[in-house]
Each structure stands twice: as C-alpha cells, then as structure tokens.
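> Pasting model-v4.txt below, which is compact mmCIF, C-alpha atoms.
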```txt
# COMPACT_ATOMS: atom_id res chain seq x y z
CA MET P 1 104.48 88.22 84.45
CA LEU P 2 107.16 85.71 83.44
CA GLY P 3 109.82 88.39 82.97
CA VAL P 4 108.99 89.94 86.36
CA LEU P 5 109.27 86.56 88.09
CA ILE P 6 112.65 85.95 86.42
CA ASN P 7 113.79 89.36 87.68
CA VAL P 8 112.70 88.48 91.22
CA ILE P 9 114.38 85.05 91.13
CA LEU P 10 117.72 86.35 89.79
CA VAL P 11 117.86 89.13 92.38
CA LEU P 12 117.25 86.53 95.10
CA VAL P 13 119.91 84.22 93.64
CA GLY P 14 122.38 87.11 93.32
CA SER P 15 121.71 88.17 96.90
CA ILE P 16 122.34 84.66 98.22
CA LEU P 17 125.54 84.34 96.16
CA GLY P 18 126.71 87.71 97.49
CA LEU P 19 126.26 86.52 101.06
CA LEU P 20 128.16 83.31 100.32
CA LEU P 21 130.98 84.78 98.21
CA LYS P 22 131.44 88.05 100.11
CA SER P 23 134.54 89.78 98.70
CA ARG P 24 135.52 87.04 96.23
CA PHE P 25 133.48 88.68 93.46
CA THR P 26 136.05 91.36 92.62
CA GLN P 27 135.52 94.74 91.00
CA ARG P 28 137.45 93.54 87.94
CA MET P 29 135.13 90.55 87.49
CA SER P 30 132.06 92.74 87.95
CA HIS P 31 133.29 95.23 85.32
CA ALA P 32 134.02 92.45 82.82
CA VAL P 33 130.56 90.92 83.24
CA MET P 34 128.86 94.31 82.94
CA THR P 35 130.74 95.02 79.71
CA ALA P 36 129.59 91.71 78.24
CA LEU P 37 126.01 92.43 79.29
CA GLY P 38 126.28 95.93 77.82
CA LEU P 39 127.06 94.41 74.42
CA CYS P 40 124.08 92.06 74.72
CA THR P 41 121.83 94.96 75.70
CA LEU P 42 123.03 96.87 72.63
CA GLY P 43 121.97 93.94 70.45
CA ILE P 44 118.52 93.81 72.06
CA GLY P 45 118.00 97.55 71.56
CA MET P 46 119.08 97.38 67.91
CA THR P 47 116.70 94.45 67.27
CA PHE P 48 113.72 96.51 68.45
CA LEU P 49 114.90 99.68 66.72
CA LEU P 50 115.41 97.99 63.35
CA GLY P 51 111.90 96.54 63.57
CA THR P 52 110.35 99.92 62.81
CA GLU P 53 108.15 100.31 59.74
CA ASP P 54 108.09 104.10 60.07
CA THR P 55 111.53 105.60 60.63
CA LEU P 56 110.13 109.13 60.61
CA CYS P 57 107.81 108.20 63.47
CA VAL P 58 110.76 107.03 65.58
CA ILE P 59 112.78 110.18 64.82
CA ILE P 60 109.95 112.63 65.53
CA CYS P 61 108.82 110.82 68.68
CA MET P 62 112.39 110.65 70.00
CA VAL P 63 113.02 114.35 69.37
CA ILE P 64 109.73 115.53 70.88
CA GLY P 65 109.99 113.01 73.71
CA VAL P 66 113.50 114.09 74.66
CA LEU P 67 112.47 117.76 74.63
CA MET P 68 109.54 116.93 76.93
CA GLY P 69 111.75 114.84 79.20
CA GLU P 70 114.45 117.49 79.42
CA TRP P 71 111.85 120.16 80.16
CA ILE P 72 110.34 118.08 82.96
CA ASN P 73 113.83 116.76 83.87
CA ILE P 74 112.49 113.28 84.53
CA GLU P 75 115.87 111.73 85.30
CA ARG P 76 116.65 114.26 88.02
CA ARG P 77 113.18 113.84 89.52
CA MET P 78 113.69 110.07 89.59
CA GLU P 79 117.05 110.57 91.30
CA LYS P 80 115.48 112.91 93.87
CA ALA P 81 112.72 110.38 94.57
CA GLY P 82 115.36 107.74 95.18
CA GLU P 83 117.37 110.05 97.40
CA LEU P 84 114.25 110.96 99.40
CA LEU P 85 113.32 107.31 99.89
CA ARG P 86 116.86 106.45 100.95
CA SER P 87 117.12 109.35 103.41
CA LYS P 88 113.75 108.70 105.06
CA LEU P 89 114.19 104.95 105.48
CA THR P 90 117.83 105.23 106.49
CA ARG P 91 116.95 107.85 109.10
CA SER P 92 114.18 105.69 110.54
CA GLY P 93 116.43 102.66 110.53
CA GLY P 94 119.48 104.37 111.94
CA SER P 95 122.74 102.99 110.58
CA SER P 96 121.22 99.62 109.69
CA ARG P 97 123.01 98.01 106.74
CA PHE P 98 119.83 96.03 106.13
CA VAL P 99 117.84 99.20 105.41
CA GLU P 100 120.66 100.67 103.33
CA GLY P 101 120.86 97.53 101.21
CA PHE P 102 117.08 97.37 100.76
CA VAL P 103 116.72 101.03 99.75
CA SER P 104 119.78 101.15 97.49
CA ALA P 105 118.77 97.99 95.64
CA THR P 106 115.13 99.07 95.33
CA VAL P 107 116.08 102.42 93.81
CA LEU P 108 118.55 100.81 91.41
CA TYR P 109 116.17 98.07 90.23
CA CYS P 110 112.90 100.01 90.04
CA VAL P 111 113.91 103.52 88.98
CA GLY P 112 115.10 103.26 85.41
CA ALA P 113 114.22 103.06 81.74
CA MET P 114 114.76 99.30 81.48
CA ALA P 115 112.19 98.58 84.20
CA ILE P 116 109.58 100.72 82.46
CA ASN P 117 110.39 99.71 78.89
CA GLY P 118 110.76 96.04 79.78
CA SER P 119 107.43 95.96 81.60
CA LEU P 120 105.70 97.64 78.65
CA GLN P 121 107.18 95.14 76.20
CA ALA P 122 106.15 92.22 78.39
CA GLY P 123 102.60 93.51 78.77
CA LEU P 124 102.03 94.70 75.20
CA ASN P 125 103.48 91.87 73.12
CA HIS P 126 104.74 89.24 75.60
CA ASN P 127 108.36 89.95 74.68
CA TYR P 128 110.57 89.39 77.72
CA ASP P 129 114.00 90.13 76.19
CA ILE P 130 114.45 93.49 77.95
CA LEU P 131 113.24 92.25 81.34
CA ILE P 132 115.43 89.14 81.12
CA SER P 133 118.45 91.28 80.20
CA LYS P 134 117.62 93.60 83.12
CA SER P 135 117.19 90.57 85.39
CA ILE P 136 120.72 89.37 84.62
CA LEU P 137 122.11 92.85 85.27
CA ASP P 138 120.19 93.04 88.55
CA GLY P 139 121.36 89.57 89.56
CA VAL P 140 125.01 90.50 89.01
CA SER P 141 124.69 93.78 90.90
CA ALA P 142 122.80 91.98 93.71
CA ILE P 143 125.94 89.91 94.35
CA THR P 144 127.93 93.09 94.98
CA PHE P 145 125.16 94.78 96.99
CA SER P 146 124.48 91.76 99.16
CA ALA P 147 128.17 91.14 99.85
CA ALA P 148 128.54 94.73 101.01
CA MET P 149 125.21 95.41 102.75
CA GLY P 150 123.67 92.06 103.63
CA MET P 151 120.17 90.59 103.40
CA GLY P 152 118.38 93.89 102.79
CA THR P 153 119.20 93.53 99.10
CA ALA P 154 117.11 90.36 98.83
CA PHE P 155 114.01 92.11 100.15
CA SER P 156 114.07 94.54 97.22
CA VAL P 157 112.23 91.81 95.29
CA ILE P 158 108.99 92.94 96.98
CA PRO P 159 108.88 96.43 95.36
CA ILE P 160 110.20 94.91 92.10
CA LEU P 161 107.24 92.51 92.02
CA ILE P 162 104.72 95.26 92.78
CA TYR P 163 106.23 97.91 90.47
CA GLU P 164 107.12 95.87 87.39
CA GLY P 165 104.19 93.50 87.84
CA GLY P 166 101.73 96.37 88.04
CA MET P 167 103.07 98.03 84.89
CA THR P 168 103.07 94.73 83.00
CA LEU P 169 99.45 94.01 83.90
CA LEU P 170 98.41 97.58 83.02
CA ALA P 171 100.16 97.41 79.64
CA GLY P 172 98.52 94.05 78.96
CA ALA P 173 95.08 95.50 79.69
CA VAL P 174 95.61 98.55 77.46
CA GLY P 175 97.52 96.77 74.67
CA PRO P 176 94.53 95.32 72.76
CA TYR P 177 93.20 98.86 72.20
CA LEU P 178 96.41 100.26 70.69
CA GLY P 179 96.75 98.28 67.46
CA PRO P 180 99.79 96.43 66.06
CA GLU P 181 101.27 99.46 64.26
CA VAL P 182 101.31 101.56 67.41
CA ILE P 183 102.81 98.76 69.50
CA ASN P 184 105.49 98.14 66.86
CA GLU P 185 106.59 101.78 66.80
CA MET P 186 106.49 102.01 70.60
CA SER P 187 108.84 99.01 70.60
CA ALA P 188 111.14 100.69 68.07
CA VAL P 189 111.32 103.91 70.09
CA GLY P 190 111.97 101.85 73.21
CA GLY P 191 114.76 100.09 71.31
CA ALA P 192 116.46 103.43 70.66
CA ILE P 193 116.35 104.16 74.39
CA ILE P 194 117.77 100.70 75.18
CA VAL P 195 120.69 101.47 72.83
CA GLY P 196 121.33 104.58 74.96
CA ILE P 197 121.33 102.44 78.11
CA SER P 198 123.84 100.03 76.56
CA LEU P 199 126.18 102.88 75.62
CA ASN P 200 126.11 104.07 79.24
CA MET P 201 126.86 100.52 80.41
CA LEU P 202 129.84 100.36 78.06
CA GLU P 203 130.96 103.81 79.34
CA LEU P 204 131.30 105.08 75.77
CA PRO P 205 129.82 108.60 76.02
CA LYS P 206 131.99 111.30 77.61
CA GLU P 207 128.84 112.48 79.36
CA LYS P 208 126.29 109.93 80.56
CA ILE P 209 123.19 109.79 78.36
CA ARG P 210 120.13 110.88 80.34
CA VAL P 211 117.95 108.00 79.19
CA GLY P 212 115.32 108.76 81.82
CA ASN P 213 114.53 111.99 79.98
CA MET P 214 113.80 109.99 76.83
CA LEU P 215 110.95 107.99 78.39
CA PRO P 216 108.06 110.19 77.12
CA ALA P 217 109.08 109.22 73.57
CA ILE P 218 107.86 105.64 74.12
CA PHE P 219 104.24 106.78 74.42
CA LEU P 220 104.18 109.35 71.60
CA PRO P 221 103.41 106.85 68.77
CA ILE P 222 99.98 106.47 70.42
CA ALA P 223 99.22 110.05 69.31
CA TYR P 224 101.56 110.34 66.32
CA LEU P 225 100.24 107.51 64.13
CA PRO P 226 96.50 108.39 64.39
CA LEU P 227 97.37 112.05 63.73
CA VAL P 228 99.42 111.20 60.64
CA ASN P 229 96.69 108.86 59.35
CA TRP P 230 94.09 111.60 59.85
CA LEU P 231 96.20 114.20 58.02
CA THR P 232 96.88 111.73 55.22
CA GLY P 233 93.15 111.15 54.87
CA LEU P 234 92.52 114.88 54.58
CA THR P 235 95.15 115.39 51.88
CA GLY P 236 94.61 112.09 50.09
```
What is this file in structure tokens?

Amino acid sequence: MLGVLINVILVLVGSILGLLLKSRFTQRMSHAVMTALGLCTLGIGMTFLLGTEDTLCVIICMVIGVLMGEWINIERRMEKAGELLRSKLTRSGGSSRFVEGFVSATVLYCVGAMAINGSLQAGLNHNYDILISKSILDGVSAITFSAAMGMGTAFSVIPILIYEGGMTLLAGAVGPYLGPEVINEMSAVGGAIIVGISLNMLELPKEKIRVGNMLPAIFLPIAYLPLVNWLTGLTG
C-alpha cells in the first residue's frame, strides 16, 4: 500500500500548491516537467521489459492481448465510463467547479494503464516504481487542476485510495499462487505497455497509442507459460 499512499499524498500536495500558486504554474513549465517525467517513465518501462526471460512470451502475449483489447475496445469503454461519471455528477451538482474538479481528476488518476499496472506491480512483487512515477505525474497535474477548478481535485484521493488500494491488495493475495516466472513475464509485458505510455507523454507518435487496449496482455502469461510447459512436456 506504500505506493498508493504516496499517490494520495502527492495529489493532496499538488492540489494545495495549485490553490496557492493559481496561475503562476504556466503551461510552458507544465509541459517541460511532463517531458522530463516522460523520459523517466520510458526508463522504468524499459527496465521491466528487459527483465524478461522469455522474449517470445512477451511478443505473443502483447499481440494476442492487443487484438483482444482492440476487439473489446477497452480504451473507448474506459473513456465512456469517465464521460458518464462526469456527466451524471456534473448534472447533479449544477455548474459547481468543485464537482468538475473532483470528477475530472478522478477519471484522470484512476482510469488508465499506469494505475492498473502500478497496482499489480505493487501487490505482486512490492515494486513501487510505476506507482511512484504515476504519483509524481498526478501531483504535477493536480497543481493545474486545482488552480483551475479548486478543492474538488483534492477529494479525488478518496477513489484513488479505494481503487488502487483494492487492486494492490487483490494482487498481493493472488500473487503467491502465480509463481516467480509468471510474475516476471507479467512485469515484462507491463513494461512494454509503460513504454507506450511514455511515448504518448513525449508526444512522439503521430497517432496516440491506445495503451488501454493493451491491458489484457498483462494477464496472458498466467495462461501462456503453463500451456507452453505442458506442450513441452508432451513433446519432450
């Protein structure tokens, strides 16, 4: 839960700074910081990806996972869920900037590959690199959100705590039954997805990479490795 708590604290700190600094945190400064964090995120993703001991597993899981994600269109469904939440709460709260800040920040911080992947890493092998990187990103964006929309941004820490905390605890409970090989390859596949996130942050692709549609790939090593071991046993 350490990574989740860091995420909560940095969002709170960013929200307070946003209220204090208001418009002093310029768009140019925000872009420069995000670029620097994008490079750091790229390094984190590469570290996990290069840790694989079965490159073929990563390739096959990524390909099948992306096909599944594109078929389901996970990213669009996540966007629709966010839009639905925003519209319902904004309608009930009228034109309240508090509600707008709360909903916008909640959607941004909870709906995404880094929240899911980071929580899995924290729960499975107590590695908090992804969640800490996400926490810094969230803290920086909280400054902008809070300056524009007020205290509602700070209250997004409640769904962050429930969402990321729940996934971390669940992954921790399931982790002992997966085995070190499976966890390692899940981490490597997750690293490939984190690289995609970093490229989006650096605005390198002409078309934004739909990293949300890659999420099924993280879980495929759970089935892939036992299947390969079984087939190897039959032919060996």
> Can you find the residues with an atom no farther than 9 Å from (133.1, 91.3, 98.9), counting all atoms listed in the file, and report them as a PDB file with C-alpha atoms, in the coordinates of the input?

```pdb
ATOM      1  CA  GLY P  18     126.710  87.710  97.490  1.00  0.00           C
ATOM      2  CA  LEU P  19     126.260  86.520 101.060  1.00  0.00           C
ATOM      3  CA  LEU P  21     130.980  84.780  98.210  1.00  0.00           C
ATOM      4  CA  LYS P  22     131.440  88.050 100.110  1.00  0.00           C
ATOM      5  CA  SER P  23     134.540  89.780  98.700  1.00  0.00           C
ATOM      6  CA  ARG P  24     135.520  87.040  96.230  1.00  0.00           C
ATOM      7  CA  PHE P  25     133.480  88.680  93.460  1.00  0.00           C
ATOM      8  CA  THR P  26     136.050  91.360  92.620  1.00  0.00           C
ATOM      9  CA  GLN P  27     135.520  94.740  91.000  1.00  0.00           C
ATOM     10  CA  ILE P 143     125.940  89.910  94.350  1.00  0.00           C
ATOM     11  CA  THR P 144     127.930  93.090  94.980  1.00  0.00           C
ATOM     12  CA  PHE P 145     125.160  94.780  96.990  1.00  0.00           C
ATOM     13  CA  SER P 146     124.480  91.760  99.160  1.00  0.00           C
ATOM     14  CA  ALA P 147     128.170  91.140  99.850  1.00  0.00           C
ATOM     15  CA  ALA P 148     128.540  94.730 101.010  1.00  0.00           C
TER      16      ALA P 148
END
```
> Within 10 Å of (116.6, 103.2, 73.3), only C-alpha atoms: residues as a ChimeraX atom specification?
/P:42,44-46,48-49,62,113-114,117,187-199,211,214-215,217-218
> Tell me which of P:Ser156, P:Thr235, P:Thr52, P:Asn200 sits closest to Glu181 in chain P, counting all atoms listed in the file.
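Result for the nearest residue to Glu181 in chain P: P:Thr52.
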> So what do you get for CA of Leu124 in chain P versus CA of Val4 in chain P, distance-wise?
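Calculated distance between CA of Leu124 in chain P and CA of Val4 in chain P is 14.0 Å.
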> Just the number, please: distance in Å from CA of Lys206 in chain P to CA of Leu131 in chain P, one decimal.
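Straight-line distance from CA of Lys206 in chain P to CA of Leu131 in chain P works out to 27.0 Å.
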> Record the distance separating CA of Leu227 in chain P and CA of Leu67 in chain P, expressed in Å with one decimal.
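Spanning CA of Leu227 in chain P to CA of Leu67 in chain P is a straight-line distance of 19.5 Å.
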